[in-house]
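Here is protein.tsv, consisting of TSV, C-alpha atoms and all ligand atoms:
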chain	number	residue	atom	x	y	z
U	1	MET	CA	-52.28	90.44	104.84
U	2	SER	CA	-54.42	88.64	102.33
U	3	THR	CA	-54.10	84.94	101.77
U	4	ASN	CA	-53.46	84.10	98.18
U	5	ILE	CA	-54.80	80.76	97.10
U	6	LYS	CA	-53.92	79.86	93.56
U	7	PHE	CA	-55.69	77.52	91.21
U	8	THR	CA	-53.19	75.35	89.39
U	9	PRO	CA	-54.80	73.11	86.76
U	10	THR	CA	-53.67	69.57	87.48
U	11	PHE	CA	-54.48	66.28	85.84
U	12	VAL	CA	-56.17	64.23	88.55
U	13	GLN	CA	-56.28	60.43	88.61
U	14	THR	CA	-60.04	60.14	88.94
U	15	LYS	CA	-61.88	56.84	89.08
U	16	ASN	CA	-62.66	57.19	85.38
U	17	VAL	CA	-59.00	57.82	84.54
U	18	ARG	CA	-57.99	54.64	86.35
U	19	ALA	CA	-60.73	52.62	84.67
U	20	PHE	CA	-59.62	53.94	81.29
U	21	ASP	CA	-55.99	52.95	81.98
U	22	THR	CA	-57.16	49.46	82.83
U	23	MET	CA	-59.21	49.21	79.66
U	24	MET	CA	-56.22	50.28	77.56
U	25	GLN	CA	-54.02	47.70	79.24
U	26	GLY	CA	-56.55	45.02	78.39
U	27	LEU	CA	-56.75	46.13	74.77
U	28	LEU	CA	-52.98	46.27	74.37
U	29	ILE	CA	-52.24	42.99	76.09
U	30	GLY	CA	-54.89	41.42	73.91
U	31	ARG	CA	-53.13	42.69	70.86
U	32	GLY	CA	-50.32	40.23	71.18
U	33	SER	CA	-52.38	37.19	72.01
U	34	LEU	CA	-55.62	37.63	70.13
U	35	GLY	CA	-55.96	36.00	66.78
U	36	GLU	CA	-57.05	37.55	63.55
U	37	GLY	CA	-60.55	38.95	63.65
U	38	ASP	CA	-60.55	39.34	67.41
U	39	GLU	CA	-61.79	42.36	69.24
U	40	ARG	CA	-59.62	45.40	69.00
U	41	LEU	CA	-62.15	48.19	69.13
U	42	GLY	CA	-62.70	50.11	72.32
U	43	CYS	CA	-65.72	52.24	73.13
U	44	VAL	CA	-65.59	55.04	75.67
U	45	PHE	CA	-68.85	56.83	76.31
U	46	GLY	CA	-70.61	59.11	78.75
U	47	ARG	CA	-72.26	62.45	79.22
U	48	ALA	CA	-70.33	65.62	78.35
U	49	GLY	CA	-68.16	67.06	81.09
U	50	ARG	CA	-67.00	63.83	82.68
U	51	GLY	CA	-63.45	64.05	81.39
U	52	LYS	CA	-63.40	61.71	78.39
U	53	THR	CA	-61.52	63.97	76.01
U	54	ARG	CA	-58.92	65.09	78.51
U	55	THR	CA	-58.28	61.56	79.74
U	56	VAL	CA	-57.87	60.13	76.26
U	57	GLN	CA	-55.71	63.04	75.08
U	58	THR	CA	-53.44	62.66	78.09
U	59	TRP	CA	-53.04	58.93	77.51
U	60	ALA	CA	-52.48	59.44	73.77
U	61	ALA	CA	-49.85	62.13	74.36
U	62	LYS	CA	-48.00	60.03	76.91
U	63	ASN	CA	-47.91	57.04	74.58
U	64	ALA	CA	-47.31	58.95	71.33
U	65	CYS	CA	-50.61	57.86	69.80
U	66	VAL	CA	-52.84	59.54	67.28
U	67	TYR	CA	-55.88	61.34	68.66
U	68	ILE	CA	-58.41	63.07	66.46
U	69	GLU	CA	-61.53	65.00	67.26
U	70	THR	CA	-64.07	64.93	64.45
U	71	ILE	CA	-65.71	67.99	62.96
U	72	SER	CA	-69.39	67.89	62.06
U	73	VAL	CA	-69.05	68.98	58.43
U	74	TRP	CA	-66.55	66.27	57.51
U	75	SER	CA	-67.11	64.07	54.49
U	76	GLU	CA	-65.54	60.61	54.30
U	77	LEU	CA	-62.67	62.15	52.37
U	78	ASP	CA	-62.14	64.84	55.01
U	79	PHE	CA	-62.10	62.17	57.69
U	80	LEU	CA	-59.56	60.02	55.83
U	81	GLN	CA	-57.39	63.03	55.01
U	82	LYS	CA	-57.33	64.06	58.64
U	83	LEU	CA	-56.24	60.56	59.60
U	84	CYS	CA	-53.46	60.73	56.99
U	85	GLN	CA	-52.31	64.06	58.35
U	86	GLU	CA	-52.24	62.89	61.95
U	87	LEU	CA	-50.42	59.72	61.00
U	88	GLY	CA	-47.68	61.87	59.51
U	89	ILE	CA	-48.33	61.13	55.84
U	90	ARG	CA	-46.71	63.95	53.93
U	91	GLN	CA	-48.49	64.01	50.61
U	92	ILE	CA	-52.14	63.63	51.34
U	93	PRO	CA	-54.06	62.10	48.44
U	94	GLY	CA	-57.24	63.62	47.03
U	95	ARG	CA	-59.04	60.29	46.74
U	96	ARG	CA	-60.54	58.12	49.44
U	97	GLY	CA	-59.11	54.81	48.27
U	98	ARG	CA	-55.56	56.08	48.16
U	99	CYS	CA	-55.90	57.74	51.57
U	100	PHE	CA	-57.22	54.48	52.94
U	101	ASP	CA	-54.26	52.49	51.58
U	102	LEU	CA	-51.73	54.88	53.10
U	103	ILE	CA	-53.52	54.83	56.46
U	104	ILE	CA	-53.44	51.04	56.46
U	105	GLU	CA	-49.75	51.09	55.71
U	106	LYS	CA	-48.96	53.56	58.49
U	107	MET	CA	-51.17	51.91	61.08
U	108	THR	CA	-49.68	48.51	60.37
U	109	LEU	CA	-46.15	49.87	60.68
U	110	SER	CA	-46.69	51.91	63.83
U	111	GLY	CA	-48.97	49.50	65.69
U	112	MET	CA	-50.12	52.42	67.83
U	113	PRO	CA	-53.71	52.76	69.01
U	114	LEU	CA	-55.85	55.35	67.30
U	115	PHE	CA	-58.37	57.48	69.20
U	116	ILE	CA	-61.35	59.06	67.49
U	117	ASP	CA	-63.40	61.48	69.57
U	118	GLU	CA	-66.99	62.65	69.04
U	119	ILE	CA	-67.62	60.03	66.44
U	120	GLU	CA	-71.27	59.48	67.38
U	121	ARG	CA	-72.46	62.60	65.60
U	122	PHE	CA	-71.91	60.88	62.26
U	123	GLY	CA	-74.21	58.00	63.07
U	124	GLN	CA	-73.15	54.93	61.10
U	125	LYS	CA	-71.29	56.97	58.52
U	126	PHE	CA	-67.67	56.30	59.45
U	127	LEU	CA	-68.17	53.08	61.35
U	128	GLU	CA	-67.67	50.86	58.32
U	129	ILE	CA	-64.39	52.59	57.47
U	130	ILE	CA	-63.25	52.12	61.05
U	131	ARG	CA	-64.21	48.47	61.02
U	132	ASP	CA	-62.12	47.95	57.89
U	133	LEU	CA	-59.15	49.71	59.48
U	134	VAL	CA	-59.30	47.46	62.52
U	135	LYS	CA	-59.89	44.32	60.49
U	136	ILE	CA	-57.10	44.88	57.99
U	137	THR	CA	-54.41	46.29	60.29
U	138	GLY	CA	-55.18	44.31	63.44
U	139	GLY	CA	-54.61	47.61	65.22
U	140	VAL	CA	-56.40	49.05	68.21
U	141	VAL	CA	-58.96	51.80	67.64
U	142	VAL	CA	-60.84	53.48	70.47
U	143	LEU	CA	-64.01	55.42	69.74
U	144	ILE	CA	-65.15	58.13	72.12
U	145	GLY	CA	-68.59	59.69	72.30
U	146	GLU	CA	-71.66	60.53	74.32
U	147	GLU	CA	-74.30	58.17	75.59
U	148	GLU	CA	-75.66	57.18	72.20
U	149	LEU	CA	-72.33	55.77	70.98
U	150	PRO	CA	-72.72	52.19	72.32
U	151	HIS	CA	-76.24	52.04	70.86
U	152	LEU	CA	-74.92	53.09	67.47
U	153	MET	CA	-72.17	50.49	67.66
U	154	LYS	CA	-74.60	47.78	68.71
U	155	GLN	CA	-76.79	48.50	65.72
U	156	ASN	CA	-73.88	47.53	63.53
U	157	ARG	CA	-73.26	43.91	64.36
U	158	ARG	CA	-69.92	43.74	62.60
U	159	ILE	CA	-68.67	46.67	64.63
U	160	TRP	CA	-70.05	45.37	67.89
U	161	SER	CA	-68.58	41.91	67.45
U	162	ARG	CA	-65.17	43.54	67.23
U	163	THR	CA	-65.66	45.66	70.31
U	164	TYR	CA	-63.46	44.57	73.15
U	165	GLN	CA	-65.09	46.61	75.84
U	166	ALA	CA	-67.41	49.56	76.27
U	167	MET	CA	-66.43	51.73	79.18
U	168	GLU	CA	-68.75	54.33	80.59
U	169	PHE	CA	-67.39	57.52	82.10
U	170	GLU	CA	-69.38	57.76	85.28
U	171	PRO	CA	-70.31	60.90	87.23
U	172	VAL	CA	-67.32	62.08	89.26
U	173	SER	CA	-67.38	60.79	92.81
U	174	GLN	CA	-66.94	62.62	96.10
U	175	SER	CA	-63.39	61.39	96.41
U	176	ASP	CA	-62.68	62.66	92.87
U	177	VAL	CA	-63.95	66.10	93.90
U	178	LEU	CA	-61.83	66.03	97.03
U	179	ALA	CA	-58.73	65.00	95.07
U	180	TYR	CA	-59.41	67.66	92.45
U	181	VAL	CA	-59.77	70.57	94.89
U	182	THR	CA	-56.82	69.48	96.99
U	183	GLN	CA	-54.48	68.93	94.06
U	184	CYS	CA	-55.45	72.11	92.18
U	185	THR	CA	-55.55	74.52	95.13
U	186	GLY	CA	-53.85	72.91	98.10
U	187	LEU	CA	-56.97	73.66	100.16
U	188	ALA	CA	-58.07	71.16	102.77
U	189	MET	CA	-61.74	70.28	102.52
U	190	SER	CA	-64.17	69.38	105.26
U	191	LYS	CA	-66.50	66.50	104.58
U	192	GLU	CA	-69.43	68.90	104.28
U	193	ALA	CA	-67.61	71.17	101.82
U	194	THR	CA	-66.79	68.16	99.63
U	195	GLU	CA	-70.41	67.03	99.74
U	196	VAL	CA	-71.66	70.49	98.78
U	197	MET	CA	-69.32	70.73	95.78
U	198	HIS	CA	-70.01	67.19	94.69
U	199	LYS	CA	-73.75	67.74	94.79
U	200	ALA	CA	-73.55	71.07	92.95
U	201	SER	CA	-71.50	69.49	90.16
U	202	GLY	CA	-74.02	66.82	89.22
U	203	GLY	CA	-71.00	64.62	88.46
U	204	ASP	CA	-69.65	67.05	85.85
U	205	LEU	CA	-65.93	67.77	86.07
U	206	ARG	CA	-66.29	70.99	84.11
U	207	ILE	CA	-68.50	72.35	86.90
U	208	VAL	CA	-66.12	71.04	89.57
U	209	ARG	CA	-63.36	72.97	87.81
U	210	ARG	CA	-65.37	76.20	87.68
U	211	ASP	CA	-66.44	75.95	91.32
U	212	THR	CA	-62.89	75.15	92.41
U	213	ILE	CA	-61.63	78.34	90.73
U	214	ASN	CA	-64.36	80.26	92.56
U	215	LEU	CA	-63.45	78.55	95.79
U	216	ALA	CA	-59.81	79.62	95.46
U	217	HIS	CA	-60.94	83.23	94.88
U	218	ALA	CA	-63.44	83.17	97.71
U	219	ALA	CA	-60.91	81.71	100.15
U	220	SER	CA	-58.39	84.38	99.14
U	221	ASN	CA	-60.85	87.28	99.31
U	222	LEU	CA	-62.37	86.24	102.60
U	223	ARG	CA	-58.91	85.46	103.97
U	224	ARG	CA	-59.86	81.99	104.98
U	225	THR	CA	-57.15	79.71	106.03
U	226	GLY	CA	-57.48	76.17	107.19
U	227	GLU	CA	-60.11	73.70	106.20
U	228	VAL	CA	-62.86	74.79	103.79
U	229	ASP	CA	-66.24	74.53	105.50
U	230	GLY	CA	-69.68	73.98	104.01
U	231	GLU	CA	-70.49	77.68	103.99
U	232	LEU	CA	-67.47	78.65	101.91
U	233	ALA	CA	-68.16	75.80	99.50
U	234	ARG	CA	-71.74	77.01	99.10
U	235	ILE	CA	-70.50	80.52	98.31
U	236	ALA	CA	-68.19	79.14	95.62
U	237	CYS	CA	-70.89	76.99	94.03
U	238	LYS	CA	-73.42	79.82	94.07
U	239	GLN	CA	-70.99	82.17	92.38
U	240	GLY	CA	-70.57	79.51	89.76
U	241	LEU	CA	-74.26	79.68	88.95
U	242	GLN	CA	-74.35	83.46	88.80
U	243	GLY	CA	-71.09	83.99	86.96
U	301	LIG	N1	-58.53	63.89	85.08
U	301	LIG	C1	-58.72	65.21	85.02
U	301	LIG	N2	-58.06	66.04	85.87
U	301	LIG	C2	-58.28	67.36	85.83
U	301	LIG	N3	-59.13	67.97	85.00
U	301	LIG	C3	-59.83	67.21	84.14
U	301	LIG	C4	-59.67	65.79	84.10
U	301	LIG	N4	-60.50	65.29	83.17
U	301	LIG	C5	-61.13	66.35	82.63
U	301	LIG	N5	-60.75	67.51	83.20
U	301	LIG	C6	-61.29	68.84	82.90
U	301	LIG	O1	-62.72	68.77	82.99
U	301	LIG	C7	-63.35	69.43	81.90
U	301	LIG	C8	-64.22	68.48	81.10
U	301	LIG	O2	-63.40	67.46	80.55
U	301	LIG	P1	-63.54	66.90	79.06
U	301	LIG	O3	-62.42	65.95	78.88
U	301	LIG	O4	-63.69	67.98	78.05
U	301	LIG	O5	-64.92	66.11	79.18
U	301	LIG	P2	-65.80	65.34	78.07
U	301	LIG	O6	-64.91	65.06	76.89
U	301	LIG	O7	-66.26	64.10	78.77
U	301	LIG	O8	-66.93	66.26	77.75
U	301	LIG	C9	-62.22	70.07	81.11
U	301	LIG	O9	-62.04	71.38	81.57
U	301	LIG	C10	-61.02	69.22	81.44
U	301	LIG	O10	-59.82	69.93	81.32
U	302	MG	MG	-65.17	65.57	74.85
This entry written out as structure tokens:
Amino acid sequence: MSTNIKFTPTFVQTKNVRAFDTMMQGLLIGRGSLGEGDERLGCVFGRAGRGKTRTVQTWAAKNACVYIETISVWSELDFLQKLCQELGIRQIPGRRGRCFDLIIEKMTLSGMPLFIDEIERFGQKFLEIIRDLVKITGGVVVLIGEEELPHLMKQNRRIWSRTYQAMEFEPVSQSDVLAYVTQCTGLAMSKEATEVMHKASGGDLRIVRRDTINLAHAASNLRRTGEVDGELARIACKQGLQG
């Protein structure tokens, strides 16, 4: 009889997820008590693969917020039109100014935070528009990007002075890896196996995911039951590199 270990993708409460929740609480609590012109911009940054997009999307979905991922070819008009669309504006104007007015109206009415992912690739280009949105509506906007994002925001003093907090997505920890494997496969991990997978990942959750899928296959094929040892973990991580 072969053992069949399944990989079930699960959203894991990693350290970064918890830190992000805390940051959002701070931003939202602040919303009621801060005066005009106070900080309502959030900055979430970190190397690719650490779970920024997934974490933000999950939060946004749960709280019925608008999340947009930018596309490199966008002009200012494209950006504003996308915002209109996501905010549920039916007739999307063909001019920037009109788009902007409608966005302001919707954001003010809804009071929901807005998440904008991969914004750093535009450099300063959209930052002024975003600053105006925050300033005029008093709403919360969270920008998400890779390591250069906080530097870009700091270069623009008016943006930075409105930034409530910059949160870095850190490399995933050993306990994150352990939680991930356990929750997605049900496998029990030895300390050594966790260390091996953590090291192989370099802190990247995308690699943890890939190696965990391999681990589930390897455990099934080799009919391993019980705790995953270092050897089996090494097999899974090595397959990851080859495949
Ligand atoms: N908290 C989480 N629980 C489970 N899987 C996650 C979690 N966060 C991210 N992932 C997965 O890890 C991979 C990388 O995440 P992603 O959000 O795209 O990272 P980033 O935006 O930082 O590059 C994706 O496959 C994603 O589904
Ligand atoms: Mg991303």
- Message: Distance limit 10 Å, reference ligand MG 302 (chain U), atoms considered: only C-alpha atoms and all ligand atoms. Which residues make the cut? Give them as a PyMOL selection string.
- Response: chain U and resi 45-57+69+117-118+144-146
| message | Report, in Å to a single decimal, how far apart CA of Thr10 in chain U and atom O7 of ligand LIG 301 (chain U) are. | response |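 Answer for the atom O7 of ligand LIG 301 (chain U) to CA of Thr10 in chain U separation: 16.3 Å.
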Among U:Val172, U:Val142, U:Ile5, U:Cys84, Leu41 in chain U is approached most closely, using all atoms listed in the file, by U:Val142
| request: For CA of Thr70 in chain U and CA of Arg90 in chain U, quote the distance in Å rounded to one decimal. | output: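 Rounded to one decimal, the two atoms are 20.3 Å apart.
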Fill in: Pairwise distance for CA of Arg209 in chain U and atom O1 of ligand LIG 301 (chain U), rounded to one decimal in Å
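Distance reported for this atom pair: 6.4 Å.
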Would you compute the box with edges along x, y and z of the file around ligand LIG 301 (chain U), including every atom the file lists for it and 8 Å extra on each side, and give its centre and edge lengths in Å to one decimal, as JSON?
{"center_x": -62.5, "center_y": 67.6, "center_z": 81.4, "size_x": 24.9, "size_y": 23.5, "size_z": 25.0}
Can you tell me, as a ChimeraX atom specification, which residues sit within 6 Å of (-61.8, 72.1, 107.1) in the file's frame, using only C-alpha atoms? /U:188-190,226-229
**Prompt:** Hey, can you pull every residue with an atom no more than 12 Å from (-52.4, 67.2, 95.3), using all atoms listed in the file, and send it as JSON, numbers by chain?
**Reply:** {"U": [7, 8, 9, 10, 11, 12, 13, 176, 177, 178, 179, 180, 181, 182, 183, 184, 185, 186, 187, 188]}
Would you list the contacts of Val44 in chain U as a PDB file with C-alpha atoms, in the coordinates of the input, taking every protein, DNA or RNA residue within 6 Å and counting all atoms listed in the file, but skipping same-chain residues closer than 3 positions in sequence?
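Saved to out-v6.pdb:
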ATOM      1  CA  ILE U 144     -65.150  58.130  72.120  1.00  0.00           C
ATOM      2  CA  ALA U 166     -67.410  49.560  76.270  1.00  0.00           C
ATOM      3  CA  MET U 167     -66.430  51.730  79.180  1.00  0.00           C
ATOM      4  CA  GLU U 168     -68.750  54.330  80.590  1.00  0.00           C
TER       5      GLU U 168
END
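Closest approach to Gln239 in chain U among U:Trp59, U:Ile207, U:Glu86, U:Arg223: U:Ile207, based on all atoms listed in the file.
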Residue with the minimum atom-to-atom distance to Ile71 in chain U, picked from U:Ile116, U:Ile29, U:Val208, U:Met197 with only C-alpha atoms counted, is U:Ile116
Name the residues in contact with Glu231 in chain U at a cut-off of 9 Å, using all atoms listed in the file, excluding same-chain residues fewer than 2 positions from it; report them as JSON, numbers by chain.
{"U": [192, 193, 196, 228, 229, 233, 234, 235, 236]}
One residue among U:Leu27, U:Val134, U:Leu205, U:Ala60 is nearest to ligand LIG 301 (chain U) when using only C-alpha atoms and all ligand atoms, and that residue is U:Leu205
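Nearest residue to Ile103 in chain U, choosing from U:Trp160, U:Phe126, U:Phe79, U:Phe169 and counting all atoms listed in the file: U:Phe79.
Near Leu114 in chain U, within a cut-off of 7 Å and counting all atoms listed in the file, sit the residues U:Cys65, U:Val66, U:Tyr67, U:Met112, U:Ile116, U:Val140, U:Val141, U:Val142, with same-chain residues fewer than 2 positions away left out.
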Exercise. Using all atoms listed in the file, find the one residue out of U:Glu39, U:Glu76, U:Glu105, U:Glu147 that sits nearest to ligand LIG 301 (chain U).
Key: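 For ligand LIG 301 (chain U), the nearest of the given residues is U:Glu147.
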